[in-house]
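Visitor: Next comes coords_0.pdb, PDB, C-alpha atoms and all ligand atoms:
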ATOM      1  CA  MET A  58      -4.065  -1.034 -31.079  1.00  0.00           C
ATOM      2  CA  THR A  59      -7.235  -1.968 -29.138  1.00  0.00           C
ATOM      3  CA  ILE A  60      -7.498  -0.404 -25.695  1.00  0.00           C
ATOM      4  CA  ALA A  61      -8.573  -2.943 -23.044  1.00  0.00           C
ATOM      5  CA  PRO A  62     -11.994  -2.171 -21.515  1.00  0.00           C
ATOM      6  CA  TRP A  63     -10.557  -2.817 -18.044  1.00  0.00           C
ATOM      7  CA  THR A  64      -7.744  -1.689 -15.799  1.00  0.00           C
ATOM      8  CA  LEU A  65      -5.641  -3.997 -13.641  1.00  0.00           C
ATOM      9  CA  ARG A  66      -4.105  -3.072 -10.316  1.00  0.00           C
ATOM     10  CA  ARG A  67      -2.334  -4.794  -7.464  1.00  0.00           C
ATOM     11  CA  VAL A  68      -4.170  -4.077  -4.224  1.00  0.00           C
ATOM     12  CA  GLU A  69      -2.087  -3.861  -1.069  1.00  0.00           C
ATOM     13  CA  VAL A  70      -4.801  -2.299   1.107  1.00  0.00           C
ATOM     14  CA  VAL A  71      -8.217  -3.819   0.377  1.00  0.00           C
ATOM     15  CA  SER A  72     -11.001  -1.238   0.791  1.00  0.00           C
ATOM     16  CA  GLU A  73     -14.649  -1.802   1.691  1.00  0.00           C
ATOM     17  CA  ALA A  74     -15.514  -0.924  -1.916  1.00  0.00           C
ATOM     18  CA  ASP A  75     -13.054  -3.583  -3.113  1.00  0.00           C
ATOM     19  CA  ILE A  76     -14.660  -6.164  -0.786  1.00  0.00           C
ATOM     20  CA  ALA A  77     -18.132  -5.302  -2.096  1.00  0.00           C
ATOM     21  CA  GLY A  78     -16.997  -5.515  -5.729  1.00  0.00           C
ATOM     22  CA  LEU A  79     -15.018  -8.726  -5.227  1.00  0.00           C
ATOM     23  CA  SER A  80     -18.037 -10.276  -3.486  1.00  0.00           C
ATOM     24  CA  ARG A  81     -20.251  -9.441  -6.460  1.00  0.00           C
ATOM     25  CA  VAL A  82     -17.790 -11.186  -8.781  1.00  0.00           C
ATOM     26  CA  LEU A  83     -17.566 -14.270  -6.553  1.00  0.00           C
ATOM     27  CA  ILE A  84     -21.365 -14.524  -6.237  1.00  0.00           C
ATOM     28  CA  ASP A  85     -21.724 -14.132 -10.002  1.00  0.00           C
ATOM     29  CA  CYS A  86     -19.266 -16.981 -10.602  1.00  0.00           C
ATOM     30  CA  VAL A  87     -21.127 -19.288  -8.184  1.00  0.00           C
ATOM     31  CA  GLU A  88     -24.485 -18.320  -9.717  1.00  0.00           C
ATOM     32  CA  GLY A  89     -22.959 -19.132 -13.098  1.00  0.00           C
ATOM     33  CA  GLY A  90     -22.226 -22.678 -11.907  1.00  0.00           C
ATOM     34  CA  SER A  91     -18.461 -22.442 -11.325  1.00  0.00           C
ATOM     35  CA  SER A  92     -16.808 -24.578  -8.651  1.00  0.00           C
ATOM     36  CA  VAL A  93     -14.834 -21.962  -6.717  1.00  0.00           C
ATOM     37  CA  SER A  94     -15.018 -23.296  -3.136  1.00  0.00           C
ATOM     38  CA  PHE A  95     -18.639 -22.314  -2.473  1.00  0.00           C
ATOM     39  CA  MET A  96     -22.030 -23.952  -2.849  1.00  0.00           C
ATOM     40  CA  HIS A  97     -25.094 -22.275  -4.349  1.00  0.00           C
ATOM     41  CA  PRO A  98     -26.604 -20.015  -3.116  1.00  0.00           C
ATOM     42  CA  LEU A  99     -23.721 -17.881  -1.847  1.00  0.00           C
ATOM     43  CA  THR A 100     -24.963 -15.019   0.305  1.00  0.00           C
ATOM     44  CA  ARG A 101     -23.391 -11.556   0.288  1.00  0.00           C
ATOM     45  CA  GLU A 102     -22.500 -12.007   3.959  1.00  0.00           C
ATOM     46  CA  ARG A 103     -20.535 -15.211   3.311  1.00  0.00           C
ATOM     47  CA  ALA A 104     -18.845 -13.767   0.254  1.00  0.00           C
ATOM     48  CA  GLU A 105     -17.816 -10.643   2.159  1.00  0.00           C
ATOM     49  CA  ALA A 106     -16.517 -12.740   5.066  1.00  0.00           C
ATOM     50  CA  PHE A 107     -14.346 -14.646   2.578  1.00  0.00           C
ATOM     51  CA  TRP A 108     -12.902 -11.436   1.104  1.00  0.00           C
ATOM     52  CA  ARG A 109     -12.316  -9.894   4.546  1.00  0.00           C
ATOM     53  CA  ASN A 110     -10.175 -12.913   5.341  1.00  0.00           C
ATOM     54  CA  VAL A 111      -8.327 -12.442   2.052  1.00  0.00           C
ATOM     55  CA  ALA A 112      -7.887  -8.737   2.901  1.00  0.00           C
ATOM     56  CA  ALA A 113      -6.273  -9.708   6.207  1.00  0.00           C
ATOM     57  CA  GLY A 114      -3.908 -12.035   4.329  1.00  0.00           C
ATOM     58  CA  VAL A 115      -3.022  -9.258   1.903  1.00  0.00           C
ATOM     59  CA  ALA A 116      -2.382  -6.843   4.780  1.00  0.00           C
ATOM     60  CA  SER A 117      -0.042  -9.326   6.451  1.00  0.00           C
ATOM     61  CA  GLY A 118       1.825 -10.165   3.241  1.00  0.00           C
ATOM     62  CA  LEU A 119       0.579 -13.759   3.060  1.00  0.00           C
ATOM     63  CA  ARG A 120      -1.299 -13.116  -0.175  1.00  0.00           C
ATOM     64  CA  ALA A 121      -0.940 -10.855  -3.206  1.00  0.00           C
ATOM     65  CA  LEU A 122      -4.140  -9.679  -4.895  1.00  0.00           C
ATOM     66  CA  LEU A 123      -4.918  -8.318  -8.340  1.00  0.00           C
ATOM     67  CA  ILE A 124      -8.190  -6.618  -9.231  1.00  0.00           C
ATOM     68  CA  ALA A 125      -9.559  -5.760 -12.674  1.00  0.00           C
ATOM     69  CA  GLU A 126     -12.164  -3.026 -13.045  1.00  0.00           C
ATOM     70  CA  ASP A 127     -14.392  -1.909 -15.874  1.00  0.00           C
ATOM     71  CA  ASP A 128     -16.882   0.950 -15.973  1.00  0.00           C
ATOM     72  CA  MET A 129     -19.255  -1.065 -13.736  1.00  0.00           C
ATOM     73  CA  GLY A 130     -16.675  -1.809 -11.041  1.00  0.00           C
ATOM     74  CA  VAL A 131     -14.687  -4.921 -10.144  1.00  0.00           C
ATOM     75  CA  CYS A 132     -14.922  -7.424 -13.018  1.00  0.00           C
ATOM     76  CA  GLY A 133     -12.065  -9.833 -12.319  1.00  0.00           C
ATOM     77  CA  THR A 134      -9.467 -10.911  -9.801  1.00  0.00           C
ATOM     78  CA  VAL A 135      -6.711 -13.396  -9.046  1.00  0.00           C
ATOM     79  CA  GLN A 136      -4.462 -14.081  -6.058  1.00  0.00           C
ATOM     80  CA  LEU A 137      -1.125 -15.562  -5.179  1.00  0.00           C
ATOM     81  CA  VAL A 138      -0.873 -17.401  -1.873  1.00  0.00           C
ATOM     82  CA  LEU A 139       2.614 -16.618  -0.607  1.00  0.00           C
ATOM     83  CA  ASP A 140       2.363 -18.393   2.746  1.00  0.00           C
ATOM     84  CA  MET A 141       4.592 -21.378   1.985  1.00  0.00           C
ATOM     85  CA  PRO A 142       6.730 -23.686   4.154  1.00  0.00           C
ATOM     86  CA  GLU A 143      10.268 -22.430   4.722  1.00  0.00           C
ATOM     87  CA  ASN A 144      11.659 -24.989   2.285  1.00  0.00           C
ATOM     88  CA  GLN A 145       9.493 -23.593  -0.570  1.00  0.00           C
ATOM     89  CA  PRO A 146      10.387 -19.884  -0.567  1.00  0.00           C
ATOM     90  CA  HIS A 147      10.383 -19.781  -4.379  1.00  0.00           C
ATOM     91  CA  ARG A 148       6.795 -21.075  -4.732  1.00  0.00           C
ATOM     92  CA  ALA A 149       3.257 -19.628  -4.686  1.00  0.00           C
ATOM     93  CA  ASP A 150      -0.230 -21.018  -5.303  1.00  0.00           C
ATOM     94  CA  LEU A 151      -2.367 -19.176  -7.831  1.00  0.00           C
ATOM     95  CA  VAL A 152      -5.967 -19.121  -6.582  1.00  0.00           C
ATOM     96  CA  LYS A 153      -9.410 -17.542  -7.033  1.00  0.00           C
ATOM     97  CA  MET A 154      -9.053 -16.618 -10.656  1.00  0.00           C
ATOM     98  CA  LEU A 155     -12.491 -15.078 -11.259  1.00  0.00           C
ATOM     99  CA  VAL A 156     -13.962 -13.058 -14.106  1.00  0.00           C
ATOM    100  CA  HIS A 157     -17.522 -11.726 -13.901  1.00  0.00           C
ATOM    101  CA  ARG A 158     -19.739 -13.180 -16.642  1.00  0.00           C
ATOM    102  CA  ARG A 159     -20.223  -9.704 -18.132  1.00  0.00           C
ATOM    103  CA  ALA A 160     -16.464  -9.464 -18.860  1.00  0.00           C
ATOM    104  CA  ARG A 161     -15.662 -12.980 -20.102  1.00  0.00           C
ATOM    105  CA  ARG A 162     -14.246 -14.124 -23.438  1.00  0.00           C
ATOM    106  CA  ARG A 163     -12.473 -10.858 -24.160  1.00  0.00           C
ATOM    107  CA  GLY A 164      -9.013 -11.782 -22.918  1.00  0.00           C
ATOM    108  CA  LEU A 165      -9.299 -10.587 -19.318  1.00  0.00           C
ATOM    109  CA  GLY A 166      -8.545 -14.044 -17.925  1.00  0.00           C
ATOM    110  CA  ALA A 167      -5.351 -14.187 -19.975  1.00  0.00           C
ATOM    111  CA  ALA A 168      -4.432 -10.640 -18.916  1.00  0.00           C
ATOM    112  CA  LEU A 169      -4.931 -11.502 -15.238  1.00  0.00           C
ATOM    113  CA  MET A 170      -2.758 -14.606 -15.624  1.00  0.00           C
ATOM    114  CA  ARG A 171       0.049 -12.661 -17.266  1.00  0.00           C
ATOM    115  CA  ALA A 172      -0.150  -9.979 -14.586  1.00  0.00           C
ATOM    116  CA  ALA A 173      -0.120 -12.634 -11.840  1.00  0.00           C
ATOM    117  CA  GLU A 174       2.966 -14.264 -13.360  1.00  0.00           C
ATOM    118  CA  ALA A 175       4.737 -10.914 -13.585  1.00  0.00           C
ATOM    119  CA  MET A 176       3.754 -10.135  -9.982  1.00  0.00           C
ATOM    120  CA  ALA A 177       5.095 -13.532  -8.885  1.00  0.00           C
ATOM    121  CA  LEU A 178       8.457 -12.773 -10.451  1.00  0.00           C
ATOM    122  CA  ASP A 179       8.494  -9.353  -8.764  1.00  0.00           C
ATOM    123  CA  LEU A 180       7.927 -11.157  -5.470  1.00  0.00           C
ATOM    124  CA  GLY A 181      10.688 -13.680  -6.160  1.00  0.00           C
ATOM    125  CA  ARG A 182       8.301 -16.582  -6.728  1.00  0.00           C
ATOM    126  CA  THR A 183       9.389 -18.652  -9.716  1.00  0.00           C
ATOM    127  CA  LEU A 184       7.232 -21.768  -9.333  1.00  0.00           C
ATOM    128  CA  LEU A 185       3.434 -21.434  -9.436  1.00  0.00           C
ATOM    129  CA  VAL A 186       0.845 -24.164  -8.852  1.00  0.00           C
ATOM    130  CA  LEU A 187      -2.907 -24.132  -9.435  1.00  0.00           C
ATOM    131  CA  ASP A 188      -5.816 -26.478  -9.913  1.00  0.00           C
ATOM    132  CA  ALA A 189      -8.813 -26.114 -12.192  1.00  0.00           C
ATOM    133  CA  VAL A 190     -12.064 -27.979 -12.714  1.00  0.00           C
ATOM    134  CA  THR A 191     -11.322 -30.575 -15.370  1.00  0.00           C
ATOM    135  CA  GLY A 192     -12.877 -29.573 -18.692  1.00  0.00           C
ATOM    136  CA  ASP A 193     -13.795 -26.005 -17.664  1.00  0.00           C
ATOM    137  CA  ALA A 194     -12.737 -22.685 -19.198  1.00  0.00           C
ATOM    138  CA  GLY A 195      -9.943 -22.315 -16.653  1.00  0.00           C
ATOM    139  CA  GLU A 196      -8.287 -25.544 -17.778  1.00  0.00           C
ATOM    140  CA  ARG A 197      -8.333 -24.335 -21.382  1.00  0.00           C
ATOM    141  CA  LEU A 198      -6.929 -20.952 -20.356  1.00  0.00           C
ATOM    142  CA  TYR A 199      -3.986 -22.359 -18.411  1.00  0.00           C
ATOM    143  CA  THR A 200      -3.190 -24.857 -21.156  1.00  0.00           C
ATOM    144  CA  ARG A 201      -3.286 -22.084 -23.766  1.00  0.00           C
ATOM    145  CA  LEU A 202      -0.930 -19.926 -21.707  1.00  0.00           C
ATOM    146  CA  GLY A 203       1.684 -22.664 -21.503  1.00  0.00           C
ATOM    147  CA  TRP A 204       1.142 -24.036 -18.007  1.00  0.00           C
ATOM    148  CA  THR A 205       2.218 -27.656 -17.561  1.00  0.00           C
ATOM    149  CA  ARG A 206      -0.574 -30.114 -16.855  1.00  0.00           C
ATOM    150  CA  VAL A 207       0.311 -32.518 -14.027  1.00  0.00           C
ATOM    151  CA  GLY A 208      -2.743 -34.742 -13.810  1.00  0.00           C
ATOM    152  CA  VAL A 209      -6.328 -35.209 -12.755  1.00  0.00           C
ATOM    153  CA  ILE A 210      -7.773 -35.995  -9.322  1.00  0.00           C
ATOM    154  CA  PRO A 211     -11.279 -37.471  -9.707  1.00  0.00           C
ATOM    155  CA  ARG A 212     -14.144 -36.438  -7.394  1.00  0.00           C
ATOM    156  CA  TYR A 213     -11.987 -33.647  -5.948  1.00  0.00           C
ATOM    157  CA  ALA A 214     -14.748 -31.136  -5.178  1.00  0.00           C
ATOM    158  CA  LEU A 215     -18.395 -30.320  -5.652  1.00  0.00           C
ATOM    159  CA  MET A 216     -19.970 -28.044  -8.212  1.00  0.00           C
ATOM    160  CA  PRO A 217     -22.277 -25.369  -6.691  1.00  0.00           C
ATOM    161  CA  ASP A 218     -25.259 -27.677  -7.357  1.00  0.00           C
ATOM    162  CA  GLY A 219     -23.680 -30.604  -5.483  1.00  0.00           C
ATOM    163  CA  ALA A 220     -22.367 -32.743  -8.362  1.00  0.00           C
ATOM    164  CA  PHE A 221     -18.807 -34.070  -8.070  1.00  0.00           C
ATOM    165  CA  CYS A 222     -16.115 -32.609 -10.311  1.00  0.00           C
ATOM    166  CA  SER A 223     -12.546 -33.627 -11.025  1.00  0.00           C
ATOM    167  CA  THR A 224      -9.652 -31.197 -10.767  1.00  0.00           C
ATOM    168  CA  THR A 225      -6.595 -30.853 -12.963  1.00  0.00           C
ATOM    169  CA  TYR A 226      -3.330 -29.683 -11.397  1.00  0.00           C
ATOM    170  CA  PHE A 227      -0.984 -27.385 -13.321  1.00  0.00           C
ATOM    171  CA  TYR A 228       2.352 -25.742 -12.636  1.00  0.00           C
ATOM    172  CA  ARG A 229       4.327 -22.964 -14.254  1.00  0.00           C
ATOM    173  CA  ASP A 230       8.086 -22.762 -13.910  1.00  0.00           C
ATOM    174  CA  LEU A 231       8.922 -19.095 -14.365  1.00  0.00           C
ATOM    175  CA  ALA A 232      12.619 -19.769 -13.823  1.00  0.00           C
ATOM    176  CA  THR A 233      12.871 -21.729 -17.046  1.00  0.00           C
ATOM    177  CA  GLY A 234       9.576 -21.054 -18.810  1.00  0.00           C
ATOM    178  CA  THR A 235       8.538 -18.506 -21.372  1.00  0.00           C
ATOM    179  CA  PRO A 236       8.621 -14.991 -19.869  1.00  0.00           C
ATOM    180  CA  PRO A 237       5.183 -13.674 -18.854  1.00  0.00           C
ATOM    181  CA  GLY A 238       3.629 -11.564 -21.560  1.00  0.00           C
ATOM    182  CA  SER A 239       5.073 -13.511 -24.455  1.00  0.00           C
ATOM    183  CA  GLN A 240       2.480 -16.279 -24.440  1.00  0.00           C
ATOM    184  CA  ARG A 241      -0.351 -16.446 -26.909  1.00  0.00           C
ATOM    185  CA  ALA A 242      -3.666 -15.058 -25.527  1.00  0.00           C
TER     186      ALA A 242
HETATM  187  C1  LIG B   1     -11.883 -19.179 -16.410  1.00  0.00           C
HETATM  188  C2  LIG B   1     -12.151 -17.683 -16.558  1.00  0.00           C
HETATM  189  C3  LIG B   1     -11.343 -16.937 -15.479  1.00  0.00           C
HETATM  190  C4  LIG B   1     -11.678 -17.208 -17.939  1.00  0.00           C
HETATM  191  O1  LIG B   1     -11.843 -15.796 -18.001  1.00  0.00           O
HETATM  192  P1  LIG B   1     -12.021 -15.029 -19.416  1.00  0.00           P
HETATM  193  O2  LIG B   1     -11.820 -13.596 -19.147  1.00  0.00           O
HETATM  194  O3  LIG B   1     -13.266 -15.449 -20.085  1.00  0.00           O
HETATM  195  O4  LIG B   1     -10.747 -15.604 -20.197  1.00  0.00           O
HETATM  196  P2  LIG B   1     -10.259 -15.242 -21.682  1.00  0.00           P
HETATM  197  O5  LIG B   1     -11.174 -14.210 -22.270  1.00  0.00           O
HETATM  198  O6  LIG B   1      -8.829 -14.925 -21.616  1.00  0.00           O
HETATM  199  O7  LIG B   1     -10.441 -16.629 -22.437  1.00  0.00           O
HETATM  200  C5  LIG B   1     -11.693 -17.292 -22.420  1.00  0.00           C
HETATM  201  C6  LIG B   1     -12.142 -17.681 -23.815  1.00  0.00           C
HETATM  202  O8  LIG B   1     -12.433 -16.518 -24.585  1.00  0.00           O
HETATM  203  C7  LIG B   1     -11.715 -16.560 -25.812  1.00  0.00           C
HETATM  204  N1  LIG B   1     -11.396 -15.168 -26.146  1.00  0.00           N
HETATM  205  C8  LIG B   1     -10.445 -14.393 -25.585  1.00  0.00           C
HETATM  206  N2  LIG B   1     -10.465 -13.162 -26.158  1.00  0.00           N
HETATM  207  C9  LIG B   1     -11.465 -13.182 -27.070  1.00  0.00           C
HETATM  208  C10 LIG B   1     -11.987 -12.219 -27.960  1.00  0.00           C
HETATM  209  N3  LIG B   1     -11.465 -10.985 -28.019  1.00  0.00           N
HETATM  210  N4  LIG B   1     -13.005 -12.587 -28.747  1.00  0.00           N
HETATM  211  C11 LIG B   1     -13.534 -13.819 -28.685  1.00  0.00           C
HETATM  212  N5  LIG B   1     -13.089 -14.800 -27.844  1.00  0.00           N
HETATM  213  C12 LIG B   1     -12.057 -14.468 -27.049  1.00  0.00           C
HETATM  214  C13 LIG B   1     -10.512 -17.420 -25.497  1.00  0.00           C
HETATM  215  O9  LIG B   1      -9.947 -17.971 -26.647  1.00  0.00           O
HETATM  216  C14 LIG B   1     -11.122 -18.456 -24.603  1.00  0.00           C
HETATM  217  O10 LIG B   1     -11.808 -19.408 -25.371  1.00  0.00           O
HETATM  218  P3  LIG B   1     -12.042 -20.953 -24.887  1.00  0.00           P
HETATM  219  O11 LIG B   1     -12.527 -20.924 -23.452  1.00  0.00           O
HETATM  220  O12 LIG B   1     -13.066 -21.450 -25.826  1.00  0.00           O
HETATM  221  O13 LIG B   1     -10.714 -21.627 -24.970  1.00  0.00           O
HETATM  222  C15 LIG B   1     -13.668 -17.367 -16.427  1.00  0.00           C
HETATM  223  O14 LIG B   1     -14.374 -18.196 -17.309  1.00  0.00           O
HETATM  224  C16 LIG B   1     -14.221 -17.532 -15.020  1.00  0.00           C
HETATM  225  O15 LIG B   1     -14.079 -16.661 -14.173  1.00  0.00           O
HETATM  226  N6  LIG B   1     -14.883 -18.672 -14.795  1.00  0.00           N
HETATM  227  C17 LIG B   1     -15.543 -18.861 -13.505  1.00  0.00           C
HETATM  228  C18 LIG B   1     -14.550 -19.026 -12.360  1.00  0.00           C
HETATM  229  C19 LIG B   1     -13.534 -20.097 -12.665  1.00  0.00           C
HETATM  230  O16 LIG B   1     -13.874 -21.198 -13.042  1.00  0.00           O
HETATM  231  N7  LIG B   1     -12.264 -19.737 -12.459  1.00  0.00           N
HETATM  232  C20 LIG B   1     -11.168 -20.641 -12.691  1.00  0.00           C
HETATM  233  C21 LIG B   1     -10.815 -21.301 -11.431  1.00  0.00           C
HETATM  234  S1  LIG B   1      -9.481 -22.463 -11.724  1.00  0.00           S
END
Could you write out this file's structure as structure tokens?
Ligand SMILES: CC(C)(COP(=O)(O)OP(=O)(O)OC[C@H]1O[C@@H](n2cnc3c(N)ncnc32)[C@H](O)[C@@H]1OP(=O)(O)O)[C@@H](O)C(=O)NCCC(=O)NCCS
Guide:
Amino acid sequence: MTIAPWTLRRVEVVSEADIAGLSRVLIDCVEGGSSVSFMHPLTRERAEAFWRNVAAGVASGLRALLIAEDDMGVCGTVQLVLDMPENQPHRADLVKMLVHRRARRRGLGAALMRAAEAMALDLGRTLLVLDAVTGDAGERLYTRLGWTRVGVIPRYALMPDGAFCSTTYFYRDLATGTPPGSQRA
């Protein structure tokens, strides 16, 4: 059996070291041309401000955060947004799925998704929704893991260089779907 070159943990108290590591991953993704809410160039100050806001959400139970680490520090992350209207208590949005370029294409993205699905079930959330840049690696990942593709919204966001991109919405019904961990990587 191959031992994964990373460890995954759920973070309930986000440390300064976590914020620094998460910021490095976010900046790396933007520098790599991924559309993840920010334009290029993303400064360390702006990235850290983003993660401090996430940390506050984690502390107040509005978000759940997973972090992956390798021997160089934080190398991947994903979140569940739990702050839903009172008529959607079973739902969460899966957001900010990020893997540092040094750790890609080794199955970490799939591992983070499986861990996020398992965490959602632990938290009583059985319906997950996400969106991904149409045609990007994320769209392939979610399709491969059995998420249901809803459709495409054209000109939804900008790439870090300013070009428009479309987004594809997906959902995963954990109440009726394949149990997390049994999907193909
Ligand atoms: C999308 C993203 C999270 C995927 O992370 P990842 O760790 O590379 O994901 P995986 O390794 O599980 O899968 C990625 C690819 O590697 C392949 N792969 C997985 N394990 C592998 C291995 N051991 N050897 C070779 N290839 C492998 C997968 O088949 C997949 O191939 P494909 O993209 O051609 O379909 C990552 O590319 C990323 O962070 N992108 C920038 C941010 C972003 O766009 N996030 C998504 C927002 S919706």
Visitor: Which residue out of A:Leu151, A:Ala61, A:Val138, A:Ala106 has the minimum interatomic distance to Leu119 of chain A when only C-alpha atoms are used?
Guide: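 When distances to Leu119 of chain A are compared using only C-alpha atoms, the smallest one comes from A:Val138.
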Visitor: Starting from the displayed file, determine the output of the PyMOL selection byres (((chain A and resi 70) around 10) and not hetatm) and express the residue list as a ChimeraX atom specification.
Guide: /A:67-69,71-73,75,112-113,115-116,122
Visitor: For the residues in that selection, give me C-alpha atoms as a PDB file, keeping the file's coordinate frame.
Guide:
ATOM      1  CA  ARG A  67      -2.334  -4.794  -7.464  1.00  0.00           C
ATOM      2  CA  VAL A  68      -4.170  -4.077  -4.224  1.00  0.00           C
ATOM      3  CA  GLU A  69      -2.087  -3.861  -1.069  1.00  0.00           C
ATOM      4  CA  VAL A  71      -8.217  -3.819   0.377  1.00  0.00           C
ATOM      5  CA  SER A  72     -11.001  -1.238   0.791  1.00  0.00           C
ATOM      6  CA  GLU A  73     -14.649  -1.802   1.691  1.00  0.00           C
ATOM      7  CA  ASP A  75     -13.054  -3.583  -3.113  1.00  0.00           C
ATOM      8  CA  ALA A 112      -7.887  -8.737   2.901  1.00  0.00           C
ATOM      9  CA  ALA A 113      -6.273  -9.708   6.207  1.00  0.00           C
ATOM     10  CA  VAL A 115      -3.022  -9.258   1.903  1.00  0.00           C
ATOM     11  CA  ALA A 116      -2.382  -6.843   4.780  1.00  0.00           C
ATOM     12  CA  LEU A 122      -4.140  -9.679  -4.895  1.00  0.00           C
TER      13      LEU A 122
END
Visitor: What does the list of residues within 9 Å of ligand LIG 1 (chain B) look like if you count all atoms listed in the file, written as a PyMOL selection string?
Guide: chain A and resi 82-83+85-87+89-93+133-135+151-158+160-170+187-190+193-199+201+224-225+242
Visitor: Calculate, to one decimal in Å, the centre and edge lengths of the box along x, y and z of the file that holds all listed atoms of segment 172-176 of chain A with 8 Å of margin on each side, and present them as lines of an AutoDock Vina configuration file.
Guide:
center_x = 2.3
center_y = -12.1
center_z = -12.3
size_x = 20.9
size_y = 20.3
size_z = 20.6
Visitor: Tell me which of A:Met216, A:Leu139, A:Leu79, A:Met176 sits closest to Ala125 of chain A, counting only C-alpha atoms.
Guide: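 Comparing A:Met216, A:Leu139, A:Leu79, A:Met176 against Ala125 of chain A, the winner is A:Leu79.
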Visitor: Could you state the separation of atom CA of Val207 of chain A and atom CA of Ala149 of chain A in Å, given to one decimal place?
Guide: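 Result for atom CA of Val207 of chain A versus atom CA of Ala149 of chain A: 16.2 Å, one decimal.
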Visitor: Selecting C-alpha atoms, how would segment 122-176 of chain A from this structure be written as a compact mmCIF listing (two decimals), in the first residue's frame?
Guide:
# COMPACT_ATOMS: atom_id res chain seq x y z
CA LEU A 122 -12.20 23.71 7.03
CA LEU A 123 -9.86 20.93 5.97
CA ILE A 124 -6.12 21.39 5.53
CA ALA A 125 -3.62 19.06 3.86
CA GLU A 126 0.06 19.30 4.73
CA ASP A 127 3.20 17.83 3.25
CA ASP A 128 6.79 18.19 4.40
CA MET A 129 6.83 21.80 3.11
CA GLY A 130 3.67 22.87 4.95
CA VAL A 131 0.10 23.49 3.82
CA CYS A 132 -0.38 22.01 0.33
CA GLY A 133 -4.16 21.82 -0.03
CA THR A 134 -7.47 22.84 1.47
CA VAL A 135 -11.24 22.76 1.04
CA GLN A 136 -14.18 24.22 2.95
CA LEU A 137 -17.84 23.65 3.58
CA VAL A 138 -20.01 26.73 4.00
CA LEU A 139 -22.58 25.74 6.60
CA ASP A 140 -24.35 29.09 6.90
CA MET A 141 -27.58 28.21 5.10
CA PRO A 142 -31.15 29.54 5.30
CA GLU A 143 -33.29 27.82 7.93
CA ASN A 144 -35.17 25.88 5.25
CA GLN A 145 -31.91 24.28 3.99
CA PRO A 146 -30.44 22.74 7.16
CA HIS A 147 -29.33 19.63 5.25
CA ARG A 148 -27.23 21.56 2.69
CA ALA A 149 -23.69 22.99 2.44
CA ASP A 150 -21.66 24.68 -0.29
CA LEU A 151 -18.25 23.20 -1.03
CA VAL A 152 -15.81 26.04 -1.74
CA LYS A 153 -12.13 26.98 -2.11
CA MET A 154 -10.86 23.60 -3.15
CA LEU A 155 -7.17 24.42 -3.63
CA VAL A 156 -4.08 22.29 -4.15
CA HIS A 157 -0.64 23.89 -4.41
CA ARG A 158 0.97 23.24 -7.80
CA ARG A 159 3.77 21.27 -6.12
CA ALA A 160 1.23 18.68 -4.86
CA ARG A 161 -1.08 18.29 -7.87
CA ARG A 162 -1.90 15.21 -9.93
CA ARG A 163 -1.17 12.76 -7.13
CA GLY A 164 -4.70 12.26 -5.84
CA LEU A 165 -4.78 14.97 -3.17
CA GLY A 166 -7.75 16.72 -4.78
CA ALA A 167 -9.72 13.47 -4.72
CA ALA A 168 -8.65 12.82 -1.12
CA LEU A 169 -9.79 16.29 -0.05
CA MET A 170 -13.15 15.77 -1.77
CA ARG A 171 -13.72 12.44 -0.05
CA ALA A 172 -12.75 13.93 3.30
CA ALA A 173 -15.07 16.90 2.73
CA GLU A 174 -17.96 14.57 1.89
CA ALA A 175 -17.31 12.50 5.01
CA MET A 176 -17.10 15.69 7.10
